[in-house]
Every structure is written in structure tokens, then in C-alpha cells.
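**Q** Dropping in data26.pdb, with PDB, C-alpha atoms and all ligand atoms.
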```
ATOM      1  CA  PHE A 447     -50.259 157.015 181.694
ATOM      2  CA  SER A 448     -53.276 159.256 182.410
ATOM      3  CA  GLN A 449     -55.012 161.576 180.023
ATOM      4  CA  TYR A 450     -54.398 165.280 180.507
ATOM      5  CA  PRO A 451     -56.970 168.089 180.571
ATOM      6  CA  GLU A 452     -57.446 169.978 177.320
ATOM      7  CA  ASN A 453     -54.867 172.681 176.578
ATOM      8  CA  THR A 454     -52.300 171.095 178.877
ATOM      9  CA  ILE A 455     -48.768 171.478 177.619
ATOM     10  CA  VAL A 456     -46.923 168.211 177.836
ATOM     11  CA  GLN A 457     -43.397 167.161 177.099
ATOM     12  CA  ARG A 458     -41.385 164.059 177.664
ATOM     13  CA  PRO A 459     -39.528 163.816 180.951
ATOM     14  CA  ILE A 460     -35.737 163.822 181.015
ATOM     15  CA  VAL A 461     -35.152 160.178 181.803
ATOM     16  CA  ALA A 462     -32.013 159.338 183.744
ATOM     17  CA  ALA A 463     -31.211 155.629 183.776
ATOM     18  CA  HIS A 464     -30.094 154.962 187.335
ATOM     19  CA  ARG A 465     -26.906 152.845 187.209
ATOM     20  CA  GLY A 466     -28.127 151.657 183.795
ATOM     21  CA  VAL A 467     -31.310 149.611 183.923
ATOM     22  CA  PRO A 468     -30.868 147.546 187.114
ATOM     23  CA  SER A 469     -34.378 146.121 186.787
ATOM     24  CA  LEU A 470     -33.253 144.316 183.629
ATOM     25  CA  ALA A 471     -29.430 144.146 183.673
ATOM     26  CA  PRO A 472     -26.603 144.269 186.213
ATOM     27  CA  GLU A 473     -26.088 147.769 187.599
ATOM     28  CA  ASN A 474     -23.201 149.910 186.418
ATOM     29  CA  THR A 475     -22.139 147.607 183.597
ATOM     30  CA  MET A 476     -21.797 148.234 179.879
ATOM     31  CA  ALA A 477     -24.670 145.786 179.303
ATOM     32  CA  GLY A 478     -26.928 147.927 181.487
ATOM     33  CA  TYR A 479     -25.777 151.217 179.980
ATOM     34  CA  ASP A 480     -26.194 149.948 176.430
ATOM     35  CA  LEU A 481     -29.705 148.812 177.269
ATOM     36  CA  ALA A 482     -30.509 152.233 178.747
ATOM     37  CA  TYR A 483     -29.289 153.835 175.562
ATOM     38  CA  GLU A 484     -31.301 151.468 173.369
ATOM     39  CA  LEU A 485     -34.419 152.187 175.431
ATOM     40  CA  GLY A 486     -33.947 155.895 174.749
ATOM     41  CA  ALA A 487     -32.693 157.219 178.094
ATOM     42  CA  ASP A 488     -31.684 160.875 177.986
ATOM     43  CA  MET A 489     -29.078 160.385 180.693
ATOM     44  CA  ILE A 490     -27.099 157.438 181.975
ATOM     45  CA  GLU A 491     -26.286 157.685 185.670
ATOM     46  CA  THR A 492     -22.994 156.244 186.929
ATOM     47  CA  ASP A 493     -21.022 156.137 190.188
ATOM     48  CA  LEU A 494     -17.329 156.930 190.164
ATOM     49  CA  GLN A 495     -14.487 155.852 192.433
ATOM     50  CA  ARG A 496     -10.696 155.493 192.229
ATOM     51  CA  THR A 497      -8.699 152.284 192.466
ATOM     52  CA  LYS A 498      -5.626 151.753 194.633
ATOM     53  CA  ASP A 499      -3.402 152.524 191.639
ATOM     54  CA  GLY A 500      -5.270 155.657 190.647
ATOM     55  CA  HIS A 501      -7.720 154.610 187.924
ATOM     56  CA  LEU A 502     -11.303 155.823 187.748
ATOM     57  CA  VAL A 503     -13.809 152.981 187.732
ATOM     58  CA  ILE A 504     -17.568 152.658 188.012
ATOM     59  CA  MET A 505     -18.887 151.164 191.244
ATOM     60  CA  HIS A 506     -21.695 152.259 193.537
ATOM     61  CA  ASP A 507     -20.666 150.574 196.803
ATOM     62  CA  TYR A 508     -17.321 151.217 198.438
ATOM     63  CA  THR A 509     -16.615 147.508 198.191
ATOM     64  CA  VAL A 510     -16.982 145.176 195.221
ATOM     65  CA  ASP A 511     -18.723 142.531 197.341
ATOM     66  CA  ARG A 512     -22.399 143.060 196.484
ATOM     67  CA  THR A 513     -22.205 143.354 192.714
ATOM     68  CA  THR A 514     -19.195 141.212 191.762
ATOM     69  CA  ASN A 515     -17.698 137.826 192.591
ATOM     70  CA  GLY A 516     -14.850 139.508 194.488
ATOM     71  CA  THR A 517     -14.328 141.123 197.858
ATOM     72  CA  GLY A 518     -12.627 144.238 199.137
ATOM     73  CA  ALA A 519     -12.751 147.993 198.934
ATOM     74  CA  VAL A 520     -12.401 149.582 195.511
ATOM     75  CA  SER A 521      -9.678 151.811 196.946
ATOM     76  CA  SER A 522      -7.687 148.768 198.107
ATOM     77  CA  LEU A 523      -7.730 146.980 194.729
ATOM     78  CA  THR A 524      -5.741 147.706 191.587
ATOM     79  CA  LEU A 525      -7.393 148.198 188.222
ATOM     80  CA  GLU A 526      -6.034 144.861 187.068
ATOM     81  CA  GLU A 527      -7.564 143.120 190.080
ATOM     82  CA  ILE A 528     -10.908 144.838 189.558
ATOM     83  CA  ARG A 529     -10.969 144.032 185.849
ATOM     84  CA  GLN A 530     -10.658 140.346 186.647
ATOM     85  CA  LEU A 531     -13.935 140.411 188.548
ATOM     86  CA  ASP A 532     -17.274 139.388 187.103
ATOM     87  CA  ALA A 533     -19.862 142.144 187.502
ATOM     88  CA  GLY A 534     -22.685 140.266 185.772
ATOM     89  CA  ILE A 535     -22.826 136.745 187.154
ATOM     90  CA  LYS A 536     -24.671 137.640 190.355
ATOM     91  CA  PHE A 537     -27.472 139.195 188.321
ATOM     92  CA  GLY A 538     -27.824 136.230 186.028
ATOM     93  CA  PRO A 539     -25.801 133.688 184.048
ATOM     94  CA  GLU A 540     -26.632 135.456 180.787
ATOM     95  CA  PHE A 541     -24.518 138.377 182.012
ATOM     96  CA  GLU A 542     -21.490 136.315 182.982
ATOM     97  CA  GLY A 543     -18.272 138.007 181.968
ATOM     98  CA  GLU A 544     -19.430 141.617 182.360
ATOM     99  CA  LYS A 545     -16.549 143.733 183.621
ATOM    100  CA  VAL A 546     -16.485 146.669 186.000
ATOM    101  CA  PRO A 547     -16.253 149.554 183.511
ATOM    102  CA  THR A 548     -13.600 152.237 183.672
ATOM    103  CA  PHE A 549     -14.660 155.850 183.402
ATOM    104  CA  ARG A 550     -12.630 156.179 180.212
ATOM    105  CA  GLU A 551     -14.478 153.230 178.717
ATOM    106  CA  ILE A 552     -17.922 154.745 179.189
ATOM    107  CA  LEU A 553     -16.772 158.142 177.967
ATOM    108  CA  GLN A 554     -15.489 156.563 174.776
ATOM    109  CA  ALA A 555     -18.554 154.353 174.365
ATOM    110  CA  TYR A 556     -21.040 157.235 174.372
ATOM    111  CA  LYS A 557     -18.945 160.045 172.962
ATOM    112  CA  GLY A 558     -20.990 161.933 170.364
ATOM    113  CA  LYS A 559     -24.103 159.840 170.979
ATOM    114  CA  ASP A 560     -27.407 161.373 171.913
ATOM    115  CA  VAL A 561     -27.129 160.815 175.651
ATOM    116  CA  VAL A 562     -25.699 162.688 178.644
ATOM    117  CA  LEU A 563     -23.595 160.936 181.251
ATOM    118  CA  LEU A 564     -24.739 161.814 184.764
ATOM    119  CA  VAL A 565     -21.552 161.162 186.672
ATOM    120  CA  GLU A 566     -21.793 160.881 190.440
ATOM    121  CA  LEU A 567     -18.570 161.333 192.369
ATOM    122  CA  LYS A 568     -18.600 158.746 195.147
ATOM    123  CA  ALA A 569     -15.174 159.838 196.377
ATOM    124  CA  THR A 570     -13.670 163.234 197.063
ATOM    125  CA  GLY A 571     -10.327 164.313 195.679
ATOM    126  CA  ILE A 572     -11.015 162.852 192.249
ATOM    127  CA  GLU A 573     -12.508 166.016 190.718
ATOM    128  CA  GLU A 574      -9.378 167.056 188.754
ATOM    129  CA  GLN A 575      -8.860 163.600 187.301
ATOM    130  CA  VAL A 576     -12.519 163.241 186.348
ATOM    131  CA  ILE A 577     -12.489 166.587 184.571
ATOM    132  CA  GLU A 578      -9.175 165.831 182.881
ATOM    133  CA  GLU A 579     -10.544 162.619 181.372
ATOM    134  CA  ILE A 580     -13.740 164.367 180.268
ATOM    135  CA  GLU A 581     -11.696 167.079 178.593
ATOM    136  CA  GLN A 582      -9.331 164.616 176.950
ATOM    137  CA  GLU A 583     -12.334 162.941 175.364
ATOM    138  CA  GLY A 584     -13.791 166.313 174.332
ATOM    139  CA  MET A 585     -17.001 165.665 176.240
ATOM    140  CA  THR A 586     -17.482 168.712 178.460
ATOM    141  CA  ASN A 587     -20.904 169.279 176.905
ATOM    142  CA  GLN A 588     -22.018 165.685 177.303
ATOM    143  CA  VAL A 589     -21.451 165.166 181.011
ATOM    144  CA  LEU A 590     -23.061 166.413 184.197
ATOM    145  CA  ILE A 591     -21.105 165.914 187.431
ATOM    146  CA  GLN A 592     -23.134 165.387 190.584
ATOM    147  CA  SER A 593     -22.294 164.757 194.225
ATOM    148  CA  PHE A 594     -23.779 164.656 197.703
ATOM    149  CA  ASN A 595     -20.715 166.645 198.743
ATOM    150  CA  LEU A 596     -21.338 170.332 198.043
ATOM    151  CA  SER A 597     -17.601 171.137 198.206
ATOM    152  CA  SER A 598     -17.029 168.603 195.464
ATOM    153  CA  VAL A 599     -19.770 170.187 193.360
ATOM    154  CA  VAL A 600     -18.330 173.670 193.870
ATOM    155  CA  LYS A 601     -14.796 172.475 193.145
ATOM    156  CA  SER A 602     -15.903 170.765 189.924
ATOM    157  CA  HIS A 603     -17.753 173.872 188.855
ATOM    158  CA  GLU A 604     -14.771 176.107 189.572
ATOM    159  CA  LEU A 605     -12.340 173.805 187.779
ATOM    160  CA  LYS A 606     -14.453 173.702 184.626
ATOM    161  CA  PRO A 607     -17.524 175.935 184.556
ATOM    162  CA  GLU A 608     -18.532 174.583 181.134
ATOM    163  CA  ILE A 609     -19.383 171.236 182.692
ATOM    164  CA  GLY A 610     -22.822 171.033 184.259
ATOM    165  CA  VAL A 611     -23.032 170.195 187.932
ATOM    166  CA  GLY A 612     -25.718 168.864 190.210
ATOM    167  CA  TYR A 613     -26.004 168.878 193.979
ATOM    168  CA  LEU A 614     -27.587 165.789 195.492
ATOM    169  CA  PHE A 615     -29.339 165.789 198.801
ATOM    170  CA  SER A 616     -31.346 163.244 200.729
ATOM    171  CA  SER A 617     -30.433 162.781 204.377
ATOM    172  CA  GLY A 618     -30.836 166.023 206.242
ATOM    173  CA  VAL A 619     -33.447 167.212 203.781
ATOM    174  CA  PRO A 620     -35.689 169.617 205.663
ATOM    175  CA  SER A 621     -39.101 168.096 206.250
ATOM    176  CA  THR A 622     -41.023 171.315 205.692
ATOM    177  CA  THR A 623     -41.610 172.784 202.267
ATOM    178  CA  GLU A 624     -40.184 176.063 203.552
ATOM    179  CA  GLY A 625     -36.988 174.293 204.547
ATOM    180  CA  LYS A 626     -36.716 172.569 201.200
ATOM    181  CA  LEU A 627     -37.153 175.829 199.367
ATOM    182  CA  LYS A 628     -34.375 177.377 201.430
ATOM    183  CA  ASN A 629     -32.142 174.472 200.484
ATOM    184  CA  ALA A 630     -33.070 175.023 196.850
ATOM    185  CA  GLN A 631     -32.319 178.719 197.165
ATOM    186  CA  GLN A 632     -28.784 177.990 198.372
ATOM    187  CA  MET A 633     -28.134 175.997 195.223
ATOM    188  CA  LEU A 634     -29.803 178.599 193.059
ATOM    189  CA  ASN A 635     -27.536 181.274 194.509
ATOM    190  CA  TYR A 636     -24.495 179.164 193.785
ATOM    191  CA  ALA A 637     -25.615 178.072 190.360
ATOM    192  CA  SER A 638     -25.373 181.182 188.283
ATOM    193  CA  THR A 639     -25.027 178.819 185.362
ATOM    194  CA  VAL A 640     -28.013 177.155 183.757
ATOM    195  CA  ASN A 641     -26.037 173.933 183.759
ATOM    196  CA  ALA A 642     -26.879 173.236 187.360
ATOM    197  CA  THR A 643     -29.374 170.895 188.856
ATOM    198  CA  LEU A 644     -30.641 170.292 192.337
ATOM    199  CA  ASN A 645     -31.257 166.624 192.713
ATOM    200  CA  SER A 646     -33.183 165.170 195.573
ATOM    201  CA  SER A 647     -34.427 161.874 196.810
ATOM    202  CA  TYR A 648     -37.941 160.862 195.930
ATOM    203  CA  GLY A 649     -39.100 161.333 199.510
ATOM    204  CA  SER A 650     -38.308 165.020 199.458
ATOM    205  CA  LEU A 651     -40.481 165.747 196.424
ATOM    206  CA  SER A 652     -43.594 167.880 196.408
ATOM    207  CA  LYS A 653     -45.551 169.661 193.713
ATOM    208  CA  GLU A 654     -44.629 173.011 195.255
ATOM    209  CA  PHE A 655     -40.940 172.161 195.207
ATOM    210  CA  ILE A 656     -41.049 171.009 191.593
ATOM    211  CA  THR A 657     -42.911 174.153 190.550
ATOM    212  CA  TYR A 658     -40.500 176.382 192.465
ATOM    213  CA  MET A 659     -37.536 174.886 190.661
ATOM    214  CA  ARG A 660     -39.159 175.000 187.269
ATOM    215  CA  GLN A 661     -40.238 178.634 187.619
ATOM    216  CA  ARG A 662     -36.587 179.503 188.190
ATOM    217  CA  GLY A 663     -35.484 177.657 185.111
ATOM    218  CA  MET A 664     -33.607 175.064 187.103
ATOM    219  CA  THR A 665     -33.815 171.432 186.220
ATOM    220  CA  SER A 666     -34.254 169.086 189.104
ATOM    221  CA  LEU A 667     -33.671 165.371 188.944
ATOM    222  CA  HIS A 668     -35.081 162.980 191.504
ATOM    223  CA  TRP A 669     -34.341 159.416 192.452
ATOM    224  CA  THR A 670     -35.068 156.580 192.697
ATOM    225  CA  PHE A 671     -38.347 155.712 191.047
ATOM    226  CA  ARG A 672     -39.236 152.068 191.468
ATOM    227  CA  ASN A 673     -43.018 152.360 191.707
ATOM    228  CA  GLU A 674     -45.035 153.041 188.575
ATOM    229  CA  GLN A 675     -48.044 154.644 190.297
ATOM    230  CA  ALA A 676     -45.886 156.992 192.359
ATOM    231  CA  LEU A 677     -43.981 157.930 189.259
ATOM    232  CA  GLU A 678     -47.141 158.671 187.322
ATOM    233  CA  LYS A 679     -48.373 160.931 190.105
ATOM    234  CA  GLN A 680     -45.118 162.866 190.201
ATOM    235  CA  LEU A 681     -45.141 163.275 186.419
ATOM    236  CA  LEU A 682     -48.652 164.698 186.679
ATOM    237  CA  ASP A 683     -47.297 167.126 189.255
ATOM    238  CA  GLY A 684     -44.683 168.299 186.760
ATOM    239  CA  LEU A 685     -41.658 166.184 187.609
ATOM    240  CA  ILE A 686     -39.114 166.822 184.875
ATOM    241  CA  GLY A 687     -36.220 164.542 185.633
ATOM    242  CA  PRO A 688     -36.883 161.111 187.095
ATOM    243  CA  ILE A 689     -33.804 159.038 187.880
ATOM    244  CA  THR A 690     -35.134 155.533 187.626
ATOM    245  CA  ASP A 691     -34.300 151.846 187.699
ATOM    246  CA  TYR A 692     -37.084 151.380 185.113
ATOM    247  CA  THR A 693     -36.176 153.336 182.012
ATOM    248  CA  GLN A 694     -38.441 150.975 180.084
ATOM    249  CA  TRP A 695     -41.538 152.588 181.686
ATOM    250  CA  LEU A 696     -40.664 156.067 180.752
ATOM    251  CA  THR A 697     -39.289 156.845 177.403
ATOM    252  CA  ASP A 698     -42.632 157.842 175.900
ATOM    253  CA  ALA A 699     -44.348 159.165 179.017
ATOM    254  CA  PRO A 700     -45.506 162.802 178.999
ATOM    255  CA  ILE A 701     -45.230 165.262 181.894
ATOM    256  CA  ARG A 702     -47.458 168.262 182.482
ATOM    257  CA  LEU A 703     -46.074 171.806 182.479
TER     258      LEU A 703
HETATM  259  O1  LIG B 801     -28.474 159.922 191.002
HETATM  260  C1  LIG B 801     -28.665 159.977 192.358
HETATM  261  C2  LIG B 801     -28.593 158.668 193.047
HETATM  262  O2  LIG B 801     -27.875 157.758 192.270
HETATM  263  C3  LIG B 801     -27.992 158.801 194.380
HETATM  264  O3  LIG B 801     -28.095 157.655 195.137
HETATM  265  O4  LIG B 801     -27.109 155.754 196.260
HETATM  266  O5  LIG B 801     -28.112 155.443 194.044
HETATM  267  O6  LIG B 801     -25.962 156.663 194.279
HETATM  268  P1  LIG B 801     -27.275 156.324 194.909
HETATM  269 CA    CA B 802     -25.602 157.265 192.073
END
```
Starting from the coordinates I provided, produce the structure as C-alpha cells.
Ligand code: G3P
Ligand code: CA
**A**
Amino acid sequence: FSQYPENTIVQRPIVAAHRGVPSLAPENTMAGYDLAYELGADMIETDLQRTKDGHLVIMHDYTVDRTTNGTGAVSSLTLEEIRQLDAGIKFGPEFEGEKVPTFREILQAYKGKDVVLLVELKATGIEEQVIEEIEQEGMTNQVLIQSFNLSSVVKSHELKPEIGVGYLFSSGVPSTTEGKLKNAQQMLNYASTVNATLNSSYGSLSKEFITYMRQRGMTSLHWTFRNEQALEKQLLDGLIGPITDYTQWLTDAPIRL
């Protein structure tokens, strides 16, 4: 990464490993999460849904078709059916046998370790159960719940204010900087807690937006970085929290404040 002018304050970015490290291992599997942890990710990002029989499992898509050897909607399959699927074989034979993780499994795997779980709710109506499992594992200070659904974010926050929350936005992001700042202000008004983040897609980023958030003490995370040059530019502009498929690029990269 580039050299910085003299007297520039630099710090490491907060690196969020998007679905693990999908550039090197199958997404949303223990193999991918463990690799993210070994590479030094600060956060591991996961996607949460509920099975037909009420268990919380990790899956990005609403069906298991793309990432496993099975078919069908997560919500139409039981935990037992989902656990029989192979979530690694499509990525490569060396990952054959990887299972679809349960939420409980990842909580227990990283409990007390130096990493935060960035838990995205991909379904509504699961907030209570998610929080209950987090509390049962004593991990309220090690998890951040995020969602594209603002009601879900608000509900999670109201159920357990100690748990950090993040509001995701991408589609419908205002194209003007003024519009983006207004969007940010709405979240800032809501988030009287410091444990709140406003997380936006890469395309909605600008130096002004990053600076605005930082000046208000609010962390913002942004996805999904898959291009090294673009990432370097955004880090030079002060990006604090990249959510990336390439944790391996980032764990010793500085950002400028
Ligand atoms: O962390 C935010 C990002 O994961 C949202 O997009 O589609 O990858 O879940 P998606
Ligand atoms: Ca996600």
C-alpha cells in the first residue's frame, strides 16, 4: 500500500471477513471462518436464516442450491436435512464434507476469542431467537447484529441495547452526497448508542461520507471489496471498515485519519 505524507496518523482498518474468506474457502463455512480468524480478521461476517423446524443456520441465499449439493429453500428444510448437505464440495474437493454451520456452532467456536461476529439477519422475525442464543452464550459484547431491514435493526436494539447494531443500505441509496448524508443522519438520530454502525455498499462510498461518519464518532462498514486498487484508494480516503472477500490483503494495511 502507498506511503503516507509525513505526520499522517494511520491505524489499521477494521477488517470484516465477508462470509469468511470466499476468495480462498467456501463461503459461510467453518473452514472459511477459521481461515478469516487465522488471517487476523477483526470481524467475521455471517448470514442468518431459520430452518423449517426453527433452527438458526448460516446461509446467504434463500435456497441451498448455489453453495451446497442440495436444493430447496432454507425455510422448507429441517436442520437434519440441511446438515446432511455438503457446503464445501462445489468450491473444491479439498473442502468436501464442510457442513452448513448453525448459529450456535459459530457462537461457541469464537466465544472469548479476539474477533467480533457481524451477524446479518437475512430473515425477519428471528430477532428474539438470535438474541436469546447470543445471551445464552454470554456473547452480547462480541456480536454486532446488522440488517437491511431497519425495523429489524430497531427491534434488535430495543430487545437488547447492549448488543451493537448496524443498518445496511444499498438499493435506494441516494445518488447525491446530500442525500447520503441525510440517510446517515437518520441512523445517527436513532443510534444514541456508540454501538451502531451505518453500513453501505461500496458504490455509495465517498470521502465526504466517510469523513462525515467519522467526525460523528460512528463507525461505518462497507462492502464488498474485491478490487485491490479500489480498496487502497478508499483506505487513503479514510475508510475504516472494509467488508471484504479478501481478508488476506488487509490485515496489515494502514488507513489515514
Ligand atoms: O455485510 C454486508 C453484506 O454482506 C451485505 O450483502 O448480499 O453479501 O449479504 P450480502
Ligand atoms: Ca451478508
**Q** With all atoms listed in the file as the atoms that count, which of A:Gln582, A:Thr514, A:Asn474, A:Thr492 lies nearest to ligand LIG 801 (chain B)?
**A** A:Thr492
**Q** If we count all atoms listed in the file, what is near A:His501 at a cut-off of 7 Å, once residues fewer than 4 positions away on the same chain are taken out, given as a ChimeraX atom specification?
**A** /A:496-497,525
**Q** Please, which residues have at least one atom within 10 Å of an atom of ligand CA 802 (chain B), using only C-alpha atoms and all ligand atoms, listed as a PyMOL selection string?
**A** chain A and resi 464-465+474+491-494+505-507+564-568+592-594+614+669-670+689
**Q** Write to file, as an mmCIF file, in the frame of the given file, the residues of the selection just made, with C-alpha atoms.
**A**
```cif
data_model
loop_
_atom_site.group_PDB
_atom_site.id
_atom_site.type_symbol
_atom_site.label_atom_id
_atom_site.label_comp_id
_atom_site.auth_asym_id
_atom_site.auth_seq_id
_atom_site.Cartn_x
_atom_site.Cartn_y
_atom_site.Cartn_z
ATOM 1 C CA HIS A 464 -30.094 154.962 187.335
ATOM 2 C CA ARG A 465 -26.906 152.845 187.209
ATOM 3 C CA ASN A 474 -23.201 149.910 186.418
ATOM 4 C CA GLU A 491 -26.286 157.685 185.670
ATOM 5 C CA THR A 492 -22.994 156.244 186.929
ATOM 6 C CA ASP A 493 -21.022 156.137 190.188
ATOM 7 C CA LEU A 494 -17.329 156.930 190.164
ATOM 8 C CA MET A 505 -18.887 151.164 191.244
ATOM 9 C CA HIS A 506 -21.695 152.259 193.537
ATOM 10 C CA ASP A 507 -20.666 150.574 196.803
ATOM 11 C CA LEU A 564 -24.739 161.814 184.764
ATOM 12 C CA VAL A 565 -21.552 161.162 186.672
ATOM 13 C CA GLU A 566 -21.793 160.881 190.440
ATOM 14 C CA LEU A 567 -18.570 161.333 192.369
ATOM 15 C CA LYS A 568 -18.600 158.746 195.147
ATOM 16 C CA GLN A 592 -23.134 165.387 190.584
ATOM 17 C CA SER A 593 -22.294 164.757 194.225
ATOM 18 C CA PHE A 594 -23.779 164.656 197.703
ATOM 19 C CA LEU A 614 -27.587 165.789 195.492
ATOM 20 C CA TRP A 669 -34.341 159.416 192.452
ATOM 21 C CA THR A 670 -35.068 156.580 192.697
ATOM 22 C CA ILE A 689 -33.804 159.038 187.880
#
```
**Q** Report the distance between atom CA of A:Val600 and atom CA of A:Ile460 in Å, rounded to one decimal place.
**A**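 Value for the atom CA of A:Val600-atom CA of A:Ile460 distance: 23.8 Å.
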**Q** Write out as a list in words the residues lying within 6 Å of A:Thr509, counting all atoms listed in the file and excluding same-chain residues fewer than 6 positions away.
**A**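 Listed by chain and then number, they are Gly518, Ala519 and Val520 of chain A.
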**Q** How many Å lie between atom CA of A:Val561 and atom CA of A:Gln694, rounded to one decimal?
**A**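 Separating atom CA of A:Val561 from atom CA of A:Gln694 is a distance of 15.6 Å.
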**Q** Quick check, in Å to one decimal: how far apart do atom CA of A:Lys498 and atom CA of A:Leu523 lie?
**A**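 About the pair atom CA of A:Lys498 and atom CA of A:Leu523: they are 5.2 Å apart.
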**Q** Which is closer to ligand LIG 801 (chain B) than all the others in A:Pro459, A:Gly684, A:Gly486, A:Gly466, using all atoms listed in the file?
**A**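 Of all the options, A:Gly466 lies closest to ligand LIG 801 (chain B).
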**Q** Run through the PyMOL selection byres (((chain A and resi 572-576) around 9) and not hetatm) on the given coordinates and return the selected residues as number ranges by chain.
**A** A: 494-496, 502, 549, 567, 569-571, 577-581, 598-599, 601-602, 605
**Q** Which residues, named as in the file, does the PyMOL selection byres (((chain A and resi 674) around 12) and not hetatm) pick out? Answer as a compact mmCIF listing (two decimals) with C-alpha atoms, in the frame of the given file.
**A**
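This is the output file out_12.txt:
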```txt
# COMPACT_ATOMS: atom_id res chain seq x y z
CA PHE A 447 -50.26 157.01 181.69
CA THR A 670 -35.07 156.58 192.70
CA PHE A 671 -38.35 155.71 191.05
CA ARG A 672 -39.24 152.07 191.47
CA ASN A 673 -43.02 152.36 191.71
CA GLN A 675 -48.04 154.64 190.30
CA ALA A 676 -45.89 156.99 192.36
CA LEU A 677 -43.98 157.93 189.26
CA GLU A 678 -47.14 158.67 187.32
CA LYS A 679 -48.37 160.93 190.10
CA GLN A 680 -45.12 162.87 190.20
CA LEU A 681 -45.14 163.28 186.42
CA PRO A 688 -36.88 161.11 187.10
CA THR A 690 -35.13 155.53 187.63
CA ASP A 691 -34.30 151.85 187.70
CA TYR A 692 -37.08 151.38 185.11
CA THR A 693 -36.18 153.34 182.01
CA GLN A 694 -38.44 150.98 180.08
CA TRP A 695 -41.54 152.59 181.69
CA LEU A 696 -40.66 156.07 180.75
CA ALA A 699 -44.35 159.16 179.02
```
**Q** May I ask which of the residues A:Tyr658, A:Phe541, A:Tyr613, A:Tyr479 is the closest one to ligand LIG 801 (chain B), counting only C-alpha atoms and all ligand atoms?
**A**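 When distances to ligand LIG 801 (chain B) are compared using only C-alpha atoms and all ligand atoms, the smallest one comes from A:Tyr613.
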**Q** Counting all atoms listed in the file, find residues at most 8 Å from (-13.7, 139.6, 192.4) (file frame) and give them as a list in words.
**A** Val510, Asp511, Thr514, Asn515, Gly516, Thr517, Glu527, Ile528, Gln530, Leu531 and Asp532 of chain A
